[in-house]
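Novice: Got data.tsv for you, TSV, C-alpha atoms:
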```
chain	number	residue	atom	x	y	z
Q	1	MET	CA	-24.19	-34.22	23.90
Q	2	ARG	CA	-23.29	-33.68	20.27
Q	3	THR	CA	-26.95	-33.23	19.36
Q	4	GLY	CA	-27.36	-30.62	22.09
Q	5	ALA	CA	-24.32	-28.72	20.85
Q	6	LEU	CA	-25.70	-28.72	17.31
Q	7	CYS	CA	-29.05	-27.41	18.54
Q	8	VAL	CA	-27.40	-24.59	20.47
Q	9	ALA	CA	-25.28	-23.70	17.43
Q	10	GLY	CA	-28.35	-23.74	15.21
Q	11	LEU	CA	-30.25	-21.51	17.63
Q	12	ILE	CA	-27.39	-19.03	17.73
Q	13	CYS	CA	-27.23	-18.96	13.91
Q	14	SER	CA	-31.00	-18.47	13.73
Q	15	ILE	CA	-30.88	-15.58	16.19
Q	16	ALA	CA	-27.98	-13.99	14.29
Q	17	ALA	CA	-29.82	-14.32	10.99
Q	18	THR	CA	-32.96	-12.73	12.46
Q	19	ALA	CA	-30.94	-9.88	13.94
Q	20	HIS	CA	-29.50	-9.02	10.52
Q	21	ALA	CA	-32.75	-9.48	8.57
Q	22	ALA	CA	-34.64	-6.52	7.16
Q	23	PRO	CA	-37.48	-5.18	9.35
Q	24	GLY	CA	-40.05	-6.30	6.78
Q	25	THR	CA	-38.75	-9.87	6.47
Q	26	ALA	CA	-41.12	-11.46	9.02
Q	27	SER	CA	-44.15	-9.86	7.36
Q	28	LEU	CA	-42.91	-11.02	3.97
Q	29	VAL	CA	-42.75	-14.60	5.23
Q	30	LYS	CA	-46.37	-14.32	6.44
Q	31	ALA	CA	-47.44	-12.81	3.13
Q	32	ARG	CA	-45.92	-15.66	1.12
Q	33	GLN	CA	-47.59	-18.25	3.32
Q	34	ALA	CA	-50.97	-16.55	3.04
Q	35	TRP	CA	-50.58	-16.31	-0.74
Q	36	ASP	CA	-49.74	-20.01	-1.02
Q	37	ASP	CA	-52.78	-20.83	1.14
Q	38	GLY	CA	-55.07	-18.75	-1.08
Q	39	GLU	CA	-55.76	-16.26	1.73
Q	40	LEU	CA	-55.51	-13.22	-0.54
Q	41	ASP	CA	-56.93	-10.71	1.92
Q	42	GLN	CA	-54.31	-11.72	4.50
Q	43	ALA	CA	-51.61	-11.77	1.83
Q	44	GLU	CA	-52.54	-8.24	0.73
Q	45	ARG	CA	-52.24	-6.90	4.27
Q	46	ALA	CA	-48.98	-8.76	4.94
Q	47	TYR	CA	-47.31	-7.60	1.71
Q	48	GLN	CA	-48.27	-4.00	2.53
Q	49	GLU	CA	-46.92	-4.48	6.05
Q	50	ALA	CA	-43.63	-5.83	4.70
Q	51	LEU	CA	-43.22	-2.73	2.50
Q	52	ASP	CA	-44.12	-0.40	5.36
Q	53	LYS	CA	-41.63	-1.99	7.75
Q	54	GLY	CA	-39.08	-1.82	4.95
Q	55	GLY	CA	-35.46	-2.67	4.41
Q	56	LEU	CA	-36.24	-5.09	1.56
Q	57	ASP	CA	-33.79	-5.64	-1.28
Q	58	ARG	CA	-34.77	-4.94	-4.88
Q	59	VAL	CA	-35.96	-8.50	-5.61
Q	60	THR	CA	-38.25	-8.74	-2.58
Q	61	THR	CA	-39.46	-5.15	-3.02
Q	62	LEU	CA	-40.55	-6.01	-6.57
Q	63	GLU	CA	-42.13	-9.27	-5.38
Q	64	SER	CA	-44.14	-7.42	-2.75
Q	65	TRP	CA	-45.52	-4.79	-5.16
Q	66	VAL	CA	-46.40	-7.35	-7.84
Q	67	HIS	CA	-48.24	-9.63	-5.40
Q	68	LEU	CA	-49.86	-6.62	-3.74
Q	69	GLY	CA	-51.22	-5.53	-7.12
Q	70	ALA	CA	-52.38	-9.02	-7.99
Q	71	ALA	CA	-54.14	-9.52	-4.64
Q	72	ARG	CA	-55.91	-6.17	-4.93
Q	73	ALA	CA	-57.05	-6.95	-8.48
Q	74	VAL	CA	-58.56	-10.27	-7.43
Q	75	LEU	CA	-60.21	-8.63	-4.41
Q	76	GLY	CA	-61.81	-5.99	-6.67
Q	77	ASN	CA	-59.62	-2.99	-5.71
Q	78	LYS	CA	-58.86	-1.81	-9.26
Q	79	ASN	CA	-57.32	1.54	-8.34
Q	80	GLY	CA	-55.15	-0.04	-5.65
Q	81	ALA	CA	-54.01	-2.71	-8.09
Q	82	LEU	CA	-53.16	-0.08	-10.72
Q	83	THR	CA	-51.07	1.89	-8.21
Q	84	ALA	CA	-49.16	-1.21	-7.06
Q	85	PHE	CA	-48.43	-2.34	-10.61
Q	86	ARG	CA	-47.21	1.14	-11.59
Q	87	VAL	CA	-44.69	1.03	-8.75
Q	88	ALA	CA	-43.65	-2.46	-9.88
Q	89	LEU	CA	-43.09	-1.11	-13.41
Q	90	PHE	CA	-40.91	1.66	-11.94
Q	91	ILE	CA	-38.70	-1.08	-10.46
Q	92	ASP	CA	-38.75	-3.51	-13.40
Q	93	GLU	CA	-40.79	-3.08	-16.58
Q	94	ASN	CA	-40.40	-6.79	-17.34
Q	95	PHE	CA	-42.10	-8.12	-14.23
Q	96	THR	CA	-44.56	-10.98	-14.63
Q	97	VAL	CA	-47.85	-11.53	-12.84
Q	98	PRO	CA	-48.11	-14.87	-10.99
Q	99	ALA	CA	-50.09	-17.24	-13.19
Q	100	GLU	CA	-52.28	-18.33	-10.27
Q	101	ALA	CA	-53.52	-14.74	-9.84
Q	102	GLY	CA	-55.75	-15.14	-12.89
Q	103	LYS	CA	-57.11	-12.88	-15.62
Q	104	LYS	CA	-58.12	-9.94	-13.41
Q	105	ALA	CA	-54.58	-9.45	-12.19
Q	106	ILE	CA	-53.12	-9.83	-15.70
Q	107	ALA	CA	-55.59	-7.25	-17.06
Q	108	ALA	CA	-54.74	-4.80	-14.26
Q	109	ALA	CA	-51.02	-5.14	-14.98
Q	110	GLU	CA	-51.61	-4.45	-18.70
Q	111	ALA	CA	-53.65	-1.37	-17.80
Q	112	ALA	CA	-50.73	-0.12	-15.71
Q	113	ARG	CA	-48.33	-0.64	-18.64
Q	114	LYS	CA	-50.56	1.47	-20.91
Q	115	HIS	CA	-51.29	4.18	-18.34
Q	116	PRO	CA	-50.56	7.65	-19.84
Q	117	GLY	CA	-48.98	8.90	-16.62
Q	118	ARG	CA	-46.54	6.02	-16.32
Q	119	VAL	CA	-42.94	6.91	-15.40
Q	120	GLY	CA	-40.18	4.87	-17.02
Q	121	THR	CA	-38.25	2.18	-15.18
Q	122	LEU	CA	-35.64	3.53	-12.78
Q	123	HIS	CA	-32.04	3.20	-13.94
Q	124	LEU	CA	-28.94	4.32	-12.07
Q	125	SER	CA	-25.98	5.37	-14.20
Q	126	LEU	CA	-22.62	5.26	-12.37
Q	127	ASN	CA	-19.47	7.08	-13.41
Q	128	VAL	CA	-16.44	5.64	-11.58
Q	129	PRO	CA	-12.79	5.15	-12.60
Q	130	ASN	CA	-11.61	1.70	-13.66
Q	131	ASP	CA	-8.59	2.13	-11.43
Q	132	ALA	CA	-7.37	4.71	-8.93
Q	133	PRO	CA	-4.09	5.53	-7.12
Q	134	SER	CA	-3.62	4.22	-3.61
Q	135	GLY	CA	-3.76	6.66	-0.72
Q	136	GLU	CA	-6.01	9.10	-2.58
Q	137	PRO	CA	-9.80	9.61	-2.68
Q	138	PHE	CA	-11.80	9.15	-5.87
Q	139	ALA	CA	-15.22	10.27	-7.06
Q	140	VAL	CA	-18.39	8.28	-7.74
Q	141	ASN	CA	-20.99	10.18	-9.76
Q	142	VAL	CA	-24.60	9.01	-10.14
Q	143	MET	CA	-26.92	10.22	-12.90
Q	144	LEU	CA	-30.73	10.05	-12.74
Q	145	ASP	CA	-33.59	11.29	-14.88
Q	146	ALA	CA	-35.19	14.33	-13.27
Q	147	GLY	CA	-38.65	12.75	-13.12
Q	148	GLN	CA	-37.32	9.57	-11.54
Q	149	ALA	CA	-35.16	11.33	-8.96
Q	150	ALA	CA	-38.29	12.86	-7.45
Q	151	LEU	CA	-39.75	9.39	-6.78
Q	152	ILE	CA	-36.98	8.09	-4.52
Q	153	THR	CA	-35.98	9.24	-1.05
Q	154	ARG	CA	-32.19	8.90	-1.10
Q	155	LEU	CA	-29.17	7.26	-2.65
Q	156	SER	CA	-26.99	4.97	-0.56
Q	157	LEU	CA	-23.32	4.31	-1.39
Q	158	HIS	CA	-21.64	1.10	-0.25
Q	159	VAL	CA	-17.94	0.47	-0.88
Q	160	ARG	CA	-16.37	-2.85	0.15
Q	161	ASP	CA	-12.80	-4.08	-0.16
Q	162	VAL	CA	-13.33	-7.64	-1.40
Q	163	THR	CA	-10.03	-8.77	0.14
Q	164	THR	CA	-10.25	-7.29	3.64
Q	165	SER	CA	-14.05	-6.74	3.80
Q	166	LYS	CA	-13.40	-3.18	4.96
Q	167	ARG	CA	-16.50	-1.04	4.28
Q	168	TYR	CA	-17.47	2.55	3.71
Q	169	ASP	CA	-21.12	3.69	3.57
Q	170	PHE	CA	-22.62	7.09	2.86
Q	171	GLU	CA	-25.99	8.54	1.84
Q	172	GLU	CA	-27.04	11.54	-0.24
Q	173	GLN	CA	-30.30	13.14	-1.33
Q	174	PRO	CA	-31.34	12.20	-4.89
Q	175	GLY	CA	-30.83	14.53	-7.84
Q	176	THR	CA	-30.10	14.43	-11.54
Q	177	VAL	CA	-26.37	14.27	-10.71
Q	178	VAL	CA	-25.16	13.15	-7.28
Q	179	HIS	CA	-21.49	13.26	-6.28
Q	180	PHE	CA	-19.99	10.80	-3.80
Q	181	ARG	CA	-16.38	10.80	-2.57
Q	182	VAL	CA	-14.69	7.55	-1.55
Q	183	PRO	CA	-12.07	8.46	1.11
Q	184	ALA	CA	-8.36	7.68	0.94
Q	185	SER	CA	-8.77	5.27	3.86
Q	186	MET	CA	-10.42	2.82	1.42
Q	187	THR	CA	-7.76	3.00	-1.30
Q	188	LEU	CA	-5.17	0.59	0.04
Q	189	PRO	CA	-2.48	-0.60	-2.42
Q	190	ASN	CA	-3.68	-3.40	-4.74
Q	191	ALA	CA	-7.19	-3.35	-3.27
Q	192	SER	CA	-10.21	-4.43	-5.32
Q	193	LEU	CA	-13.25	-2.36	-4.41
Q	194	LYS	CA	-16.89	-3.22	-5.02
Q	195	VAL	CA	-18.77	0.07	-5.44
Q	196	GLU	CA	-22.57	-0.15	-5.15
Q	197	VAL	CA	-25.22	2.57	-5.18
Q	198	ASP	CA	-28.83	1.82	-4.15
Q	199	ALA	CA	-31.91	3.94	-4.73
Q	200	LEU	CA	-34.22	3.71	-1.69
Q	201	ASP	CA	-37.81	4.64	-0.93
Q	202	GLY	CA	-39.01	6.19	2.32
Q	203	HIS	CA	-38.98	2.81	4.09
Q	204	ASP	CA	-35.45	1.82	2.99
Q	205	ASN	CA	-36.78	-0.56	0.36
Q	206	GLU	CA	-34.40	-0.89	-2.60
Q	207	MET	CA	-35.89	0.35	-5.86
Q	208	ALA	CA	-32.79	0.09	-8.04
Q	209	SER	CA	-29.13	-0.79	-7.68
Q	210	ALA	CA	-25.96	-0.37	-9.74
Q	211	GLU	CA	-22.50	-1.81	-9.13
Q	212	GLU	CA	-18.98	-1.26	-10.46
Q	213	ARG	CA	-15.48	-2.48	-9.57
Q	214	VAL	CA	-12.45	-0.25	-8.99
Q	215	THR	CA	-8.89	-1.55	-8.85
Q	216	ILE	CA	-6.46	0.36	-6.66
Q	217	ARG	CA	-2.94	0.68	-8.02
Q	218	GLY	CA	-0.05	-0.73	-5.99
Q	219	THR	CA	1.77	2.50	-5.19
Q	220	PRO	CA	0.59	6.08	-4.64
Q	221	MET	CA	1.09	8.55	-7.45
Q	222	ALA	CA	4.30	10.56	-6.94
Q	223	SER	CA	3.75	14.18	-5.98
Q	224	ALA	CA	5.33	16.99	-7.96
Q	225	GLU	CA	7.83	17.85	-5.25
Q	226	ASN	CA	8.93	14.25	-4.78
Q	227	SER	CA	9.16	13.04	-8.36
Q	228	GLY	CA	12.21	12.18	-10.46
Q	229	PRO	CA	15.38	10.27	-9.57
Q	230	PHE	CA	17.19	13.33	-8.16
Q	231	ALA	CA	14.42	14.92	-6.10
Q	232	HIS	CA	15.77	13.79	-2.71
Q	233	PRO	CA	19.32	12.40	-3.06
Q	234	HIS	CA	19.69	12.12	0.71
Q	235	ASP	CA	16.85	9.57	0.71
Q	236	GLU	CA	18.66	7.54	-1.95
Q	237	LEU	CA	21.51	6.89	0.48
Q	238	HIS	CA	19.14	5.01	2.76
Q	239	LYS	CA	17.52	2.76	0.17
Q	240	GLY	CA	18.66	-0.74	-0.71
Q	241	GLY	CA	22.05	-0.67	-2.44
Q	242	GLY	CA	23.37	2.32	-0.49
Q	243	PHE	CA	25.43	5.10	-1.96
Q	244	TRP	CA	26.62	3.24	-5.07
Q	245	SER	CA	23.06	2.47	-6.18
Q	246	SER	CA	22.14	6.17	-5.98
Q	247	PRO	CA	22.63	8.80	-8.74
Q	248	TRP	CA	25.50	10.48	-6.89
Q	249	PRO	CA	28.40	8.36	-8.22
Q	250	TYR	CA	27.44	9.45	-11.74
Q	251	LEU	CA	27.23	13.10	-10.77
Q	252	ILE	CA	30.58	12.97	-8.96
Q	253	GLY	CA	32.19	11.09	-11.83
Q	254	GLY	CA	31.08	13.77	-14.28
Q	255	ALA	CA	32.44	16.49	-12.04
Q	256	LEU	CA	35.81	14.71	-11.74
Q	257	LEU	CA	36.20	14.40	-15.48
Q	258	ALA	CA	35.53	18.09	-15.88
Q	259	ALA	CA	38.00	19.05	-13.16
Q	260	GLY	CA	41.14	17.71	-14.89
Q	261	GLY	CA	43.61	14.83	-14.42
Q	262	ALA	CA	45.35	15.84	-11.20
Q	263	THR	CA	42.15	16.55	-9.35
Q	264	THR	CA	40.65	13.38	-10.71
Q	265	ALA	CA	43.54	11.25	-9.45
Q	266	TYR	CA	43.35	12.86	-6.03
Q	267	PHE	CA	39.67	11.98	-5.61
Q	268	ILE	CA	40.05	8.47	-6.98
Q	269	LEU	CA	43.08	7.50	-4.89
Q	270	ARG	CA	42.07	9.29	-1.69
Q	271	PRO	CA	41.20	6.55	0.89
Q	272	THR	CA	38.53	8.61	2.66
Q	273	THR	CA	34.72	8.36	2.55
Q	274	VAL	CA	32.86	10.87	0.46
Q	275	SER	CA	29.97	12.39	2.42
Q	276	ILE	CA	27.15	14.08	0.60
Q	277	GLY	CA	24.83	16.26	2.69
Q	278	PRO	CA	21.10	16.41	2.14
Q	279	ALA	CA	20.09	18.25	-1.01
Q	280	GLN	CA	17.22	20.67	-0.97
Q	281	ILE	CA	15.05	21.55	-3.92
Q	282	ASP	CA	13.12	24.77	-3.85
Q	283	THR	CA	9.81	23.95	-5.46
Q	284	HIS	CA	8.58	27.49	-5.09
```
Starting from the file, lay out its structure as structure tokens.

Specialist:
Amino acid sequence: MRTGALCVAGLICSIAATAHAAPGTASLVKARQAWDDGELDQAERAYQEALDKGGLDRVTTLESWVHLGAARAVLGNKNGALTAFRVALFIDENFTVPAEAGKKAIAAAEAARKHPGRVGTLHLSLNVPNDAPSGEPFAVNVMLDAGQAALITRLSLHVRDVTTSKRYDFEEQPGTVVHFRVPASMTLPNASLKVEVDALDGHDNEMASAEERVTIRGTPMASAENSGPFAHPHDELHKGGGFWSSPWPYLIGGALLAAGGATTAYFILRPTTVSIGPAQIDTH
């Protein structure tokens, strides 16, 4: 009975993992198997299929383009190999060709590195605050080189609260400067936010990624009309400590001293409760 329960649990986990996998994952598995078996024509088709179905992260996107270039080089498709390796260089200029691919693949990769029309490796530059006030939105700015921005389809923002796992996602078209706005609903007091921006191709494959952390301060920043210890004295009467912890005893005491001895004695000895009405401050 225990074995059956474990099998059912394993099946459920397997189904869940498949449901959340990228569309190109199954083709990528086939491509790897074909590569390991030396079936380079099948590997070439499967790697291309994985890229077309898409949704791959940066590591597997790079893997697919490198192996696609290597397979094409071995199969004699020089132009196809050059194209694949140039895309791989756009993702990571330090990629390495699998040793088992041989000299043809290594030569094709070197030709791609020396190609006069080569575009530099894609880099995302993020501008985000180190910390931000709670209850307020903040900006995330992304900078790209003009030539590189034209080679990606869109930028995808992902913000996650590492404590609560609350998420916010948004997408924008690429440009030299792209502005994102993280909403106030994500800036809970004392939250730690992981801010990630991904550059995607037309099949949702990740070409580059950048990540920063933002700490949210514990209390919202005070507004101009509600700042200072005397802004709303009526509110002070309802905080911990009551009337005597508010600024009013000091104000009243100063007024009593100015009023003279007889008036001062009257207020001090009078056994009644002093009631202070709500104060209003005209901020206009």

Novice: What lies within 9 Å of Arg32 of chain Q using only C-alpha atoms, ignoring chain neighbours under 3 positions off, as a list of chain:residue names?

Specialist: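 Non-adjacent residues within range: Q:Ser27, Q:Leu28, Q:Val29, Q:Trp35, Q:Asp36, Q:Asp37, Q:Ala43, Q:Ala46, Q:Tyr47.
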
Novice: Using all atoms listed in the file, which of the listed residues (Q:Arg72, Q:Arg118, Q:Lys30, Q:Arg154) sits closest to Glu206 of chain Q?

Specialist: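 Smallest separation from Glu206 of chain Q among the options: Q:Arg154.
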
Novice: Identify which of the residues Q:Thr153, Q:Gln173, Q:Asn190, Q:Gln48 lies closest to Asp204 of chain Q, counting all atoms listed in the file when measuring atom-to-atom distances.

Specialist: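 With all atoms listed in the file as the atom set, the closest residue is Q:Thr153.
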
Novice: Of the residues Q:Val178, Q:Leu157, Q:Leu124, Q:Ala139, which is the one nearest to Ala210 of chain Q, using all atoms listed in the file?

Specialist: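 Counting all atoms listed in the file, the residue closest to Ala210 of chain Q is Q:Leu124.
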
Novice: Give me, please, the distance in Å between atom CA of Leu122 of chain Q and atom CA of His67 of chain Q, quoted to one decimal.

Specialist: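 Atom CA of His67 of chain Q lies 19.7 Å from atom CA of Leu122 of chain Q.
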
Novice: Using all atoms listed in the file, pick whichever of Q:Glu212, Q:Tyr168, Q:Val162, Q:Gly175 has the shortest atom-to-atom distance to Ala191 of chain Q.

Specialist: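 Nearest candidate to Ala191 of chain Q out of Q:Glu212, Q:Tyr168, Q:Val162, Q:Gly175: Q:Val162.
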